[in-house]
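Novice: Below you'll find run.csv; it's CSV, C-alpha atoms.
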chain,number,residue,atom,x,y,z
A,1,MET,CA,0.0,0.0,0.0
A,2,ALA,CA,2.8,2.3,1.0
A,3,SER,CA,4.7,1.5,-2.2
A,4,ALA,CA,1.6,2.0,-4.3
A,5,GLY,CA,1.0,5.2,-2.5
A,6,CYS,CA,4.5,6.4,-3.2
A,7,THR,CA,4.4,5.8,-7.0
A,8,TRP,CA,3.3,9.3,-7.8
A,9,PHE,CA,6.0,10.7,-5.6
A,10,VAL,CA,8.7,8.5,-7.2
A,11,VAL,CA,7.7,9.7,-10.6
A,12,LEU,CA,7.6,13.3,-9.5
A,13,VAL,CA,11.1,13.1,-8.0
A,14,CYS,CA,12.5,11.5,-11.2
A,15,VAL,CA,10.9,14.2,-13.4
A,16,PHE,CA,12.1,16.9,-11.1
A,17,VAL,CA,15.7,15.6,-11.2
A,18,CYS,CA,15.6,15.3,-15.0
A,19,ASN,CA,14.4,18.8,-15.4
A,20,LEU,CA,16.9,20.2,-12.9
A,21,VAL,CA,19.8,18.5,-14.6
A,22,LYS,CA,18.5,19.8,-18.0
A,23,ALA,CA,18.5,23.3,-16.6
A,24,LEU,CA,22.1,22.8,-15.4
A,25,LEU,CA,23.3,21.3,-18.6
A,26,PRO,CA,24.9,24.4,-20.1
A,27,GLY,CA,26.9,25.0,-16.9
A,28,LEU,CA,27.9,21.4,-16.8
A,29,SER,CA,29.1,21.5,-20.4
A,30,SER,CA,31.2,24.6,-19.8
A,31,LEU,CA,32.7,23.1,-16.7
A,32,LEU,CA,33.6,19.9,-18.5
A,33,SER,CA,35.2,21.8,-21.4
A,34,LYS,CA,37.3,23.8,-18.9
A,35,VAL,CA,38.4,20.6,-17.2
A,36,LEU,CA,39.3,18.9,-20.5
A,37,GLN,CA,41.0,21.9,-22.1
A,38,LYS,CA,44.7,21.7,-21.5
A,39,ASP,CA,46.0,24.7,-23.3
A,40,ALA,CA,43.9,27.5,-21.8
A,41,GLU,CA,47.0,29.1,-20.3
A,42,GLN,CA,48.5,29.3,-23.7
A,43,GLU,CA,45.6,31.4,-24.9
A,44,MET,CA,46.0,33.7,-21.9
A,45,GLU,CA,49.7,34.1,-22.6
A,46,MET,CA,49.0,34.9,-26.3
A,47,ARG,CA,46.4,37.5,-25.3
A,48,SER,CA,48.8,39.2,-22.8
A,49,GLU,CA,51.6,39.0,-25.4
A,50,ILE,CA,49.4,40.8,-28.0
A,51,GLN,CA,48.4,43.4,-25.4
A,52,ASN,CA,52.0,44.1,-24.5
A,53,MET,CA,53.0,44.3,-28.1
A,54,ARG,CA,50.2,46.7,-28.9
A,55,ALA,CA,51.3,48.9,-26.0
A,56,GLU,CA,54.8,48.8,-27.4
A,57,LEU,CA,53.5,49.6,-30.9
A,58,SER,CA,51.7,52.6,-29.7
A,59,SER,CA,54.9,54.0,-28.1
A,60,ILE,CA,56.9,53.6,-31.4
A,61,SER,CA,56.7,56.4,-33.9
A,62,MET,CA,56.1,55.0,-37.4
A,63,MET,CA,57.9,57.9,-39.1
A,64,ASP,CA,61.1,57.6,-37.0
A,65,GLU,CA,61.4,53.8,-36.7
A,66,PHE,CA,59.4,52.4,-39.5
A,67,ALA,CA,61.3,49.1,-39.7
A,68,ARG,CA,60.8,48.3,-36.1
A,69,TYR,CA,57.2,49.4,-36.3
A,70,ALA,CA,56.5,47.2,-39.3
A,71,ARG,CA,58.3,44.2,-37.7
A,72,LEU,CA,56.3,44.6,-34.5
A,73,GLU,CA,53.1,44.9,-36.5
A,74,ARG,CA,53.8,41.8,-38.4
A,75,LYS,CA,54.5,40.0,-35.2
A,76,ILE,CA,51.2,41.2,-33.7
A,77,ASN,CA,49.3,40.1,-36.8
A,78,LYS,CA,51.0,36.7,-36.7
A,79,THR,CA,50.2,36.2,-33.0
A,80,THR,CA,46.6,37.4,-33.6
A,81,ASP,CA,46.1,34.9,-36.4
A,82,LYS,CA,47.5,32.1,-34.1
A,83,LEU,CA,45.2,33.2,-31.3
A,84,LYS,CA,42.2,33.2,-33.7
A,85,THR,CA,43.0,29.7,-34.8
A,86,HIS,CA,43.3,28.6,-31.2
A,87,VAL,CA,40.0,30.2,-30.2
A,88,LYS,CA,38.4,28.6,-33.2
A,89,SER,CA,39.5,25.2,-32.2
A,90,ARG,CA,38.6,25.8,-28.5
A,91,THR,CA,35.1,26.9,-29.6
A,92,ALA,CA,34.7,23.8,-31.8
A,93,GLN,CA,35.8,21.6,-28.9
A,94,GLN,CA,33.3,23.3,-26.6
A,95,ALA,CA,30.5,22.8,-29.1
A,96,LYS,CA,31.5,19.2,-29.5
A,97,ILE,CA,31.5,18.6,-25.7
A,98,LYS,CA,28.1,20.4,-25.4
A,99,TRP,CA,26.7,18.2,-28.1
A,100,ILE,CA,28.0,15.0,-26.4
A,101,VAL,CA,26.7,16.1,-23.0
A,102,ASN,CA,23.3,16.8,-24.5
A,103,ILE,CA,23.1,13.5,-26.3
A,104,VAL,CA,24.1,11.6,-23.2
A,105,PHE,CA,21.5,13.4,-21.1
A,106,TYR,CA,18.7,12.9,-23.5
A,107,LEU,CA,19.6,9.2,-23.9
A,108,LEU,CA,19.6,8.8,-20.1
A,109,GLN,CA,16.3,10.7,-19.7
A,110,GLY,CA,14.7,8.6,-22.4
A,111,ALA,CA,15.9,5.4,-20.8
A,112,LEU,CA,14.5,6.6,-17.4
A,113,MET,CA,11.1,7.5,-18.9
A,114,VAL,CA,10.9,4.2,-20.7
A,115,SER,CA,11.8,2.3,-17.6
A,116,LEU,CA,9.2,4.2,-15.5
A,117,ILE,CA,6.5,3.5,-18.1
A,118,TRP,CA,7.6,-0.1,-18.3
A,119,LYS,CA,7.5,-0.6,-14.6
A,120,TYR,CA,4.2,1.2,-13.9
A,121,TYR,CA,2.2,0.8,-17.0
A,122,PRO,CA,-0.4,-1.7,-15.5
A,123,VAL,CA,-0.6,0.1,-12.2
A,124,PRO,CA,-2.1,3.6,-11.7
A,125,VAL,CA,0.1,6.0,-9.8
A,126,THR,CA,-2.9,6.9,-7.7
A,127,VAL,CA,-6.6,6.2,-7.6
A,128,VAL,CA,-9.5,8.6,-7.1
A,129,PRO,CA,-13.3,8.0,-7.5
A,130,SER,CA,-13.9,7.7,-11.2
A,131,LYS,CA,-16.8,10.2,-11.2
A,132,TRP,CA,-14.3,12.9,-10.1
A,133,ILE,CA,-12.4,12.8,-13.3
A,134,ALA,CA,-15.4,12.1,-15.7
A,135,PRO,CA,-15.6,12.4,-18.6
A,136,LEU,CA,-11.8,12.0,-19.1
A,137,GLU,CA,-11.4,8.9,-16.9
A,138,ARG,CA,-10.3,6.7,-19.7
A,139,LEU,CA,-7.7,9.1,-21.0
A,140,VAL,CA,-6.4,9.9,-17.6
A,141,ALA,CA,-6.2,6.1,-16.7
A,142,PHE,CA,-4.3,5.2,-19.8
A,143,PRO,CA,-2.5,2.7,-20.0
A,144,SER,CA,-3.5,1.1,-16.7
A,145,GLY,CA,-7.2,0.8,-17.5
A,146,VAL,CA,-8.2,1.0,-13.9
A,147,ALA,CA,-11.4,3.0,-13.4
A,148,GLY,CA,-10.5,6.3,-11.6
A,149,GLY,CA,-6.8,5.6,-11.7
A,150,VAL,CA,-4.2,8.1,-13.0
A,151,GLY,CA,-2.0,6.4,-15.5
A,152,ILE,CA,1.8,6.8,-15.7
A,153,THR,CA,1.7,8.6,-19.0
A,154,SER,CA,-0.8,11.3,-17.9
A,155,TRP,CA,1.1,11.8,-14.6
A,156,LEU,CA,4.4,12.1,-16.5
A,157,VAL,CA,3.0,14.7,-18.8
A,158,VAL,CA,1.5,16.7,-15.9
A,159,CYS,CA,4.6,16.5,-13.8
A,160,ASN,CA,6.9,17.5,-16.7
A,161,LYS,CA,4.8,20.6,-17.4
A,162,VAL,CA,4.4,21.6,-13.7
A,163,VAL,CA,8.1,21.1,-12.9
A,164,ALA,CA,9.1,23.0,-16.0
A,165,ILE,CA,6.9,25.9,-15.1
A,166,GLY,CA,8.2,25.8,-11.5
A,167,LEU,CA,11.8,25.8,-12.5
A,168,HIS,CA,11.2,28.5,-15.0
A,169,ALA,CA,9.6,30.7,-12.4
A,170,VAL,CA,12.4,30.1,-10.0
A,171,SER,CA,15.1,30.7,-12.5
B,1,VAL,CA,61.6,47.7,-97.3
B,2,GLU,CA,60.1,50.1,-94.8
B,3,ASN,CA,56.7,49.4,-96.2
B,4,GLY,CA,57.1,45.7,-95.7
B,5,PRO,CA,57.1,45.6,-91.9
B,6,LYS,CA,54.6,48.4,-91.8
B,7,THR,CA,52.3,46.4,-94.0
B,8,SER,CA,52.8,43.3,-91.9
B,9,ARG,CA,52.1,45.2,-88.7
B,10,THR,CA,49.0,46.7,-90.2
B,11,ALA,CA,47.9,43.3,-91.4
B,12,ALA,CA,48.6,41.8,-88.0
B,13,GLN,CA,46.7,44.7,-86.4
B,14,LYS,CA,43.9,44.2,-88.8
B,15,ARG,CA,43.7,40.5,-88.0
B,16,ALA,CA,43.8,41.3,-84.3
B,17,GLU,CA,41.0,43.8,-84.8
B,18,ILE,CA,38.9,41.2,-86.7
B,19,ARG,CA,39.4,38.6,-84.0
B,20,ARG,CA,38.4,41.1,-81.3
B,21,ARG,CA,35.3,42.1,-83.2
B,22,LYS,CA,34.4,38.5,-83.7
B,23,LEU,CA,34.7,37.8,-80.0
B,24,LEU,CA,32.7,40.8,-79.0
B,25,MET,CA,30.0,40.1,-81.6
B,26,ASN,CA,29.7,36.5,-80.6
B,27,SER,CA,29.4,37.1,-76.8
B,28,GLU,CA,25.6,37.6,-77.0
B,29,ASP,CA,25.2,34.5,-79.1
B,30,ARG,CA,27.2,32.5,-76.6
B,31,MET,CA,25.1,33.8,-73.7
B,32,ASN,CA,21.9,33.0,-75.6
B,33,LYS,CA,23.2,29.5,-76.2
B,34,ILE,CA,23.9,29.1,-72.4
B,35,VAL,CA,20.4,30.3,-71.4
B,36,GLY,CA,18.6,28.4,-74.1
B,37,PHE,CA,17.8,30.9,-76.7
B,38,SER,CA,18.7,29.9,-80.2
B,39,LYS,CA,19.3,32.3,-83.0
B,40,SER,CA,17.0,30.5,-85.3
B,41,ASP,CA,14.0,30.9,-83.0
B,42,GLY,CA,14.3,34.6,-82.9
B,43,GLU,CA,14.8,34.9,-86.6
B,44,SER,CA,12.1,32.5,-87.6
B,45,ASN,CA,9.4,34.3,-85.6
B,46,GLY,CA,10.6,37.6,-87.0
B,47,LYS,CA,10.8,38.9,-83.5
B,48,THR,CA,13.8,39.7,-81.4
B,49,CYS,CA,14.5,38.2,-78.1
B,50,PRO,CA,14.8,40.7,-75.3
B,51,SER,CA,18.4,41.7,-75.5
B,52,VAL,CA,20.2,41.8,-72.2
B,53,ARG,CA,23.5,43.5,-72.0
B,54,LEU,CA,25.6,41.5,-69.7
B,55,THR,CA,28.5,43.6,-69.1
B,56,SER,CA,29.7,42.2,-65.8
B,57,LEU,CA,29.6,39.1,-63.6
B,58,THR,CA,26.9,40.7,-61.4
B,59,ASP,CA,24.6,41.2,-64.4
B,60,TYR,CA,25.2,37.6,-65.4
B,61,LEU,CA,24.4,36.3,-61.9
B,62,VAL,CA,21.3,38.5,-61.6
B,63,PHE,CA,20.2,37.4,-65.0
B,64,MET,CA,20.7,33.7,-64.2
B,65,PHE,CA,18.9,34.1,-60.9
B,66,SER,CA,15.9,35.7,-62.6
B,67,LEU,CA,15.7,32.7,-64.9
B,68,ALA,CA,15.6,30.1,-62.1
B,69,GLY,CA,11.9,30.0,-61.3
B,70,PRO,CA,8.4,28.9,-62.4
B,71,GLU,CA,8.1,32.0,-64.6
B,72,GLU,CA,10.9,30.8,-66.7
B,73,GLU,CA,8.7,29.9,-69.6
B,74,ASP,CA,7.1,33.3,-69.6
B,75,MET,CA,10.4,35.0,-69.5
B,76,LEU,CA,11.9,32.9,-72.2
B,77,SER,CA,9.0,33.3,-74.5
B,78,VAL,CA,9.5,35.5,-77.5
B,79,ASP,CA,6.0,36.8,-77.2
B,80,PRO,CA,6.4,40.5,-76.6
B,81,ARG,CA,3.1,40.5,-74.8
B,82,SER,CA,4.5,38.3,-72.0
B,83,ARG,CA,5.6,39.8,-68.7
B,84,SER,CA,8.9,41.5,-68.6
B,85,PRO,CA,11.7,39.6,-67.0
B,86,ARG,CA,12.2,42.6,-64.7
B,87,ARG,CA,9.2,41.8,-62.6
B,88,GLY,CA,10.1,38.2,-62.1
B,89,LEU,CA,13.7,39.2,-61.3
B,90,GLN,CA,12.5,41.7,-58.6
B,91,LYS,CA,10.2,39.0,-57.1
B,92,TYR,CA,13.0,36.5,-56.8
B,93,LEU,CA,15.4,39.1,-55.5
B,94,SER,CA,12.9,40.1,-52.8
B,95,ARG,CA,12.4,36.5,-51.9
B,96,PHE,CA,16.1,36.0,-51.7
B,97,ASP,CA,16.3,39.1,-49.4
B,98,ASP,CA,13.5,37.7,-47.2
B,99,ALA,CA,15.3,34.4,-46.9
B,100,MET,CA,18.6,36.1,-45.9
B,101,LYS,CA,16.8,38.3,-43.3
B,102,LEU,CA,15.0,35.3,-41.8
B,103,ARG,CA,18.3,33.4,-41.7
B,104,GLY,CA,19.8,36.4,-39.8
B,105,GLN,CA,16.9,36.5,-37.4
B,106,LEU,CA,17.1,32.7,-36.8
B,107,ALA,CA,20.8,33.0,-36.0
B,108,SER,CA,20.3,36.0,-33.7
B,109,GLU,CA,17.4,34.3,-31.8
B,110,LYS,CA,19.5,31.2,-31.4
B,111,ALA,CA,22.3,33.2,-30.0
B,112,ALA,CA,20.0,35.0,-27.6
B,113,GLN,CA,18.6,31.6,-26.5
B,114,ASP,CA,22.1,30.2,-26.0
B,115,SER,CA,23.1,33.2,-23.9
B,116,GLY,CA,20.3,32.3,-21.5
B,117,GLY,CA,17.3,34.5,-22.5
B,118,ASN,CA,14.0,32.7,-22.6
B,119,GLY,CA,11.2,34.1,-24.8
B,120,ASP,CA,8.3,32.8,-22.6
B,121,GLU,CA,8.4,35.2,-19.7
B,122,LEU,CA,5.9,34.7,-16.9
B,123,ASP,CA,3.8,37.8,-17.2
B,124,SER,CA,1.3,39.0,-14.6
B,125,PHE,CA,-1.7,37.4,-16.4
B,126,ARG,CA,0.0,34.1,-16.8
B,127,LEU,CA,1.0,34.1,-13.2
B,128,PHE,CA,-2.5,35.0,-12.2
B,129,ARG,CA,-3.9,32.1,-14.3
B,130,LEU,CA,-1.6,29.5,-12.7
B,131,THR,CA,-2.2,30.7,-9.2
B,132,GLY,CA,-5.9,30.7,-9.8
B,133,SER,CA,-5.8,27.2,-11.2
B,134,ALA,CA,-3.9,25.9,-8.1
B,135,LEU,CA,-6.2,27.6,-5.6
B,136,LEU,CA,-9.3,26.4,-7.4
B,137,ALA,CA,-7.9,22.8,-7.4
B,138,ILE,CA,-7.5,23.0,-3.6
B,139,PHE,CA,-11.0,24.4,-3.2
B,140,VAL,CA,-12.5,21.8,-5.4
B,141,ARG,CA,-10.7,19.0,-3.6
B,142,VAL,CA,-11.9,20.2,-0.2
B,143,PHE,CA,-15.5,21.2,-1.0
B,144,VAL,CA,-16.7,20.3,-4.5
B,145,CYS,CA,-15.3,17.1,-5.9
B,146,GLN,CA,-17.9,14.9,-4.2
B,147,TYR,CA,-20.7,16.5,-6.1
B,148,LEU,CA,-19.4,16.9,-9.7
B,149,SER,CA,-16.5,16.3,-12.0
B,150,ILE,CA,-13.4,18.3,-11.3
B,151,PHE,CA,-13.2,19.5,-14.9
B,152,ALA,CA,-16.4,21.5,-14.7
B,153,PRO,CA,-15.0,24.2,-12.3
B,154,PHE,CA,-11.9,24.2,-14.4
B,155,LEU,CA,-13.9,25.1,-17.6
B,156,THR,CA,-15.7,27.7,-15.7
B,157,LEU,CA,-12.4,29.2,-14.6
B,158,GLN,CA,-11.1,29.3,-18.2
B,159,LEU,CA,-14.3,31.1,-19.3
B,160,ALA,CA,-13.7,33.6,-16.5
B,161,TYR,CA,-10.1,34.1,-17.6
B,162,MET,CA,-11.2,35.0,-21.1
B,163,GLY,CA,-13.3,37.7,-19.7
B,164,LEU,CA,-10.6,38.9,-17.3
B,165,TYR,CA,-7.9,39.1,-19.9
B,166,LYS,CA,-8.7,42.6,-21.0
B,167,TYR,CA,-8.2,43.9,-17.4
B,168,PHE,CA,-4.5,42.9,-17.4
B,169,PRO,CA,-1.7,44.9,-19.1
B,170,LYS,CA,-1.2,43.6,-22.6
B,171,VAL,CA,2.3,42.2,-23.2
B,172,GLU,CA,3.4,42.5,-26.8
B,173,LYS,CA,4.6,39.1,-27.6
B,174,LYS,CA,7.2,39.3,-30.3
B,175,MET,CA,6.8,36.5,-32.8
B,176,LYS,CA,9.7,34.2,-32.4
B,177,THR,CA,11.4,33.3,-35.7
B,178,THR,CA,11.8,29.6,-35.8
B,179,VAL,CA,12.6,27.3,-38.7
B,180,LEU,CA,8.9,26.5,-39.0
B,181,THR,CA,7.7,30.1,-39.2
B,182,ALA,CA,10.6,30.9,-41.6
B,183,ALA,CA,9.6,28.0,-43.8
B,184,LEU,CA,5.9,29.1,-43.7
B,185,LEU,CA,6.8,32.7,-44.6
B,186,LEU,CA,9.0,31.7,-47.5
B,187,SER,CA,6.3,29.3,-48.8
B,188,GLY,CA,4.1,32.3,-49.3
B,189,ILE,CA,1.7,32.1,-46.4
B,190,PRO,CA,1.0,35.6,-45.2
B,191,ALA,CA,2.5,36.7,-42.0
B,192,GLU,CA,-0.8,37.7,-40.5
B,193,VAL,CA,-2.1,34.1,-40.9
B,194,ILE,CA,1.0,32.7,-39.3
B,195,ASN,CA,0.8,35.3,-36.4
B,196,HIS,CA,-2.9,34.4,-35.8
B,197,SER,CA,-2.1,30.6,-35.8
B,198,MET,CA,0.8,31.1,-33.5
B,199,ASP,CA,-1.4,33.2,-31.2
B,200,THR,CA,-4.1,30.5,-31.1
B,201,TYR,CA,-1.4,27.8,-30.5
B,202,ARG,CA,-0.1,29.9,-27.6
B,203,LYS,CA,-3.5,30.3,-26.1
B,204,MET,CA,-4.1,26.6,-26.3
B,205,GLY,CA,-0.7,26.1,-24.6
B,206,ASP,CA,-1.8,28.4,-21.8
B,207,VAL,CA,-5.0,26.4,-21.2
B,208,PHE,CA,-3.0,23.2,-21.2
B,209,SER,CA,-0.6,24.6,-18.6
B,210,ASP,CA,-3.5,25.7,-16.5
B,211,LEU,CA,-5.0,22.2,-16.7
B,212,CYS,CA,-1.7,20.5,-15.8
B,213,VAL,CA,-1.3,22.8,-12.7
B,214,TYR,CA,-4.9,22.3,-11.7
B,215,PHE,CA,-4.7,18.5,-12.0
B,216,PHE,CA,-1.3,18.3,-10.3
B,217,THR,CA,-2.5,20.4,-7.4
B,218,PHE,CA,-5.7,18.4,-7.1
B,219,ILE,CA,-3.8,15.1,-6.9
B,220,MET,CA,-1.2,16.5,-4.5
B,221,CYS,CA,-4.0,17.8,-2.3
B,222,HIS,CA,-5.8,14.5,-2.4
B,223,GLU,CA,-2.7,12.6,-1.4
B,224,MET,CA,-1.9,15.0,1.4
B,225,MET,CA,-5.4,14.6,2.7
B,226,LEU,CA,-5.1,10.8,2.5
B,227,LEU,CA,-1.8,10.9,4.3
B,228,PHE,CA,-3.0,13.2,7.1
B,229,SER,CA,-6.2,11.2,7.5
B,230,SER,CA,-4.3,7.9,7.7
B,231,GLU,CA,-1.9,9.4,10.3
B,232,THR,CA,-4.5,10.8,12.6
B,233,PRO,CA,-6.1,8.1,14.8
Show me this structure written as structure tokens.
Specialist:
Amino acid sequence: MASAGCTWFVVLVCVFVCNLVKALLPGLSSLLSKVLQKDAEQEMEMRSEIQNMRAELSSISMMDEFARYARLERKINKTTDKLKTHVKSRTAQQAKIKWIVNIVFYLLQGALMVSLIWKYYPVPVTVVPSKWIAPLERLVAFPSGVAGGVGITSWLVVCNKVVAIGLHAVS
Amino acid sequence: VENGPKTSRTAAQKRAEIRRRKLLMNSEDRMNKIVGFSKSDGESNGKTCPSVRLTSLTDYLVFMFSLAGPEEEDMLSVDPRSRSPRRGLQKYLSRFDDAMKLRGQLASEKAAQDSGGNGDELDSFRLFRLTGSALLAIFVRVFVCQYLSIFAPFLTLQLAYMGLYKYFPKVEKKMKTTVLTAALLLSGIPAEVINHSMDTYRKMGDVFSDLCVYFFTFIMCHEMMLLFSSETP
């Protein structure tokens, strides 16, 4: 009885956890990409190097020391191109990690939903007098078929919607 | 002796000039061959094809673009009473512009979404609806459900919301550009029809959200009452 009474709560908790993890996915992806990226310091060094060179360039007079000016400018351009390539590859890696994290999450979520439906499809998550939910008792009871019962699919849909609204309001 | 080289230069120059003229004269024929005109068609009907001076690559591309469409036959017909290619060209160029604008809008909306902004903000009316649905569910569970179906009060509530809508500040909901709306716009469906459909879909979504909150609150209330009644001796 207690286990039957807790079914609605178990489903609600699962849905809540899934939606919470979904809301935290972007943060998780960026954290993972930071952990997996090994050459983040190199990018910082390149940026500070470009900044220093630009400061040096601004102090050189083009008229008086053209050769030095041109040399430094070429060096700045070369380092900027290198930085751009680096940023491009980092962005591509971040996008790839984000994509993988999303795919893994959706696969796990799908597996969880399917297993919940598989486990609870003949049993309603809760039972109320059938006249309370007339005339939609058949739809609400699907797929359990129990008169007055709330089926797993209806409860999943309702919980998903409510938890999404709740998390959206909080965030 | 002096006349010899001069004569040969003049002959060479003449030949070069002839070659140049031949190339220039044939450019239009070559273009007509590419686009499907043939010289004999024009001459046999006794009418001239619309002559298009293609002096640059841009003109060529614009001309080719104007030919890629369902009005191709009209444009290629030699009947002078047919529509001018200019109109078809403008139509396709405007569609191309629309497609580029929609593409830009899609990209910017995607960037805004990625940066964390959510288009569906909870405005005051939506919040009022959800709160009202939850409170009604509690009331129905405690007082009403023994007498009639729980969906009857819900429908009454929705009718009330339709009337109360005008008393709330109207929030201008900007139509989000999605792939679906962009495809519908480009396929020729007027924007007003799309807006109206999206508005109807949004209203149905609001009713569905209210129903989910109502039902969820009802069931939670029911379970709480069962729990408390089982615990009390």
Novice: Tell me as a PyMOL selection string which residues belonging to chain A come within 12 Å of chain B, counting all atoms listed in the file.
Specialist: chain A and resi 1-2+4-9+12+23-27+95+98+125-137+140+148-150+154-171
Novice: Quick check, in Å to one decimal: how far apart do CA of Thr131 (chain B) and CA of Lys166 (chain B) lie?
Specialist: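 For CA of Thr131 (chain B) relative to CA of Lys166 (chain B), the distance reads 18.0 Å.
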Novice: Have a look at CA of Leu28 (chain A) and CA of Val104 (chain A) and let me know their distance in Å, one decimal.
Specialist: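 Distance between the two atoms: 12.3 Å.
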Novice: Rounded to one decimal, what separation in Å do you get between CA of Ile76 (chain A) and CA of Ile50 (chain A)?
Specialist: 6.0 Å
Novice: Please identify all polymer residues within 12 Å of Arg90 (chain A), counting only C-alpha atoms, omitting same-chain residues fewer than 4 positions from it, and present them as a list of chain:residue names.
Specialist: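 Counting only C-alpha atoms, the residues come to A:Ser30, A:Ser33, A:Lys34, A:Leu36, A:Gln37, A:Lys38, A:Asp39, A:Ala40, A:Gln42, A:Glu43, A:Leu83, A:Lys84, A:Thr85, A:His86, A:Gln94, A:Ala95, A:Lys96, A:Ile97.
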Novice: Name all residues at most 12 Å from region 184-196 of chain B (count only C-alpha atoms; drop same-chain ones fewer than 4 positions away) and give them as a list in words.
Specialist: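 Once the nearby chain positions are removed, what remains is Lys91, Tyr92, Ser94, Arg95, Phe96, Asp97, Asp98, Ala99, Met100, Lys101, Leu102, Arg103, Lys173, Lys174, Met175, Lys176, Thr177, Thr178, Val179, Leu180, Thr200, Tyr201, Arg202 and Lys203 of chain B.
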Novice: Give me the residues within 12 Å of Tyr69 (chain A) as a list in words, counting only C-alpha atoms and dropping any in the same chain fewer than 3 places off.
Specialist: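 Counting only C-alpha atoms, the residues come to Met53, Arg54, Ala55, Glu56, Leu57, Ser58, Ser59, Ile60, Ser61, Met62, Met63, Asp64, Glu65, Phe66, Leu72, Glu73, Arg74, Lys75 and Ile76 of chain A.
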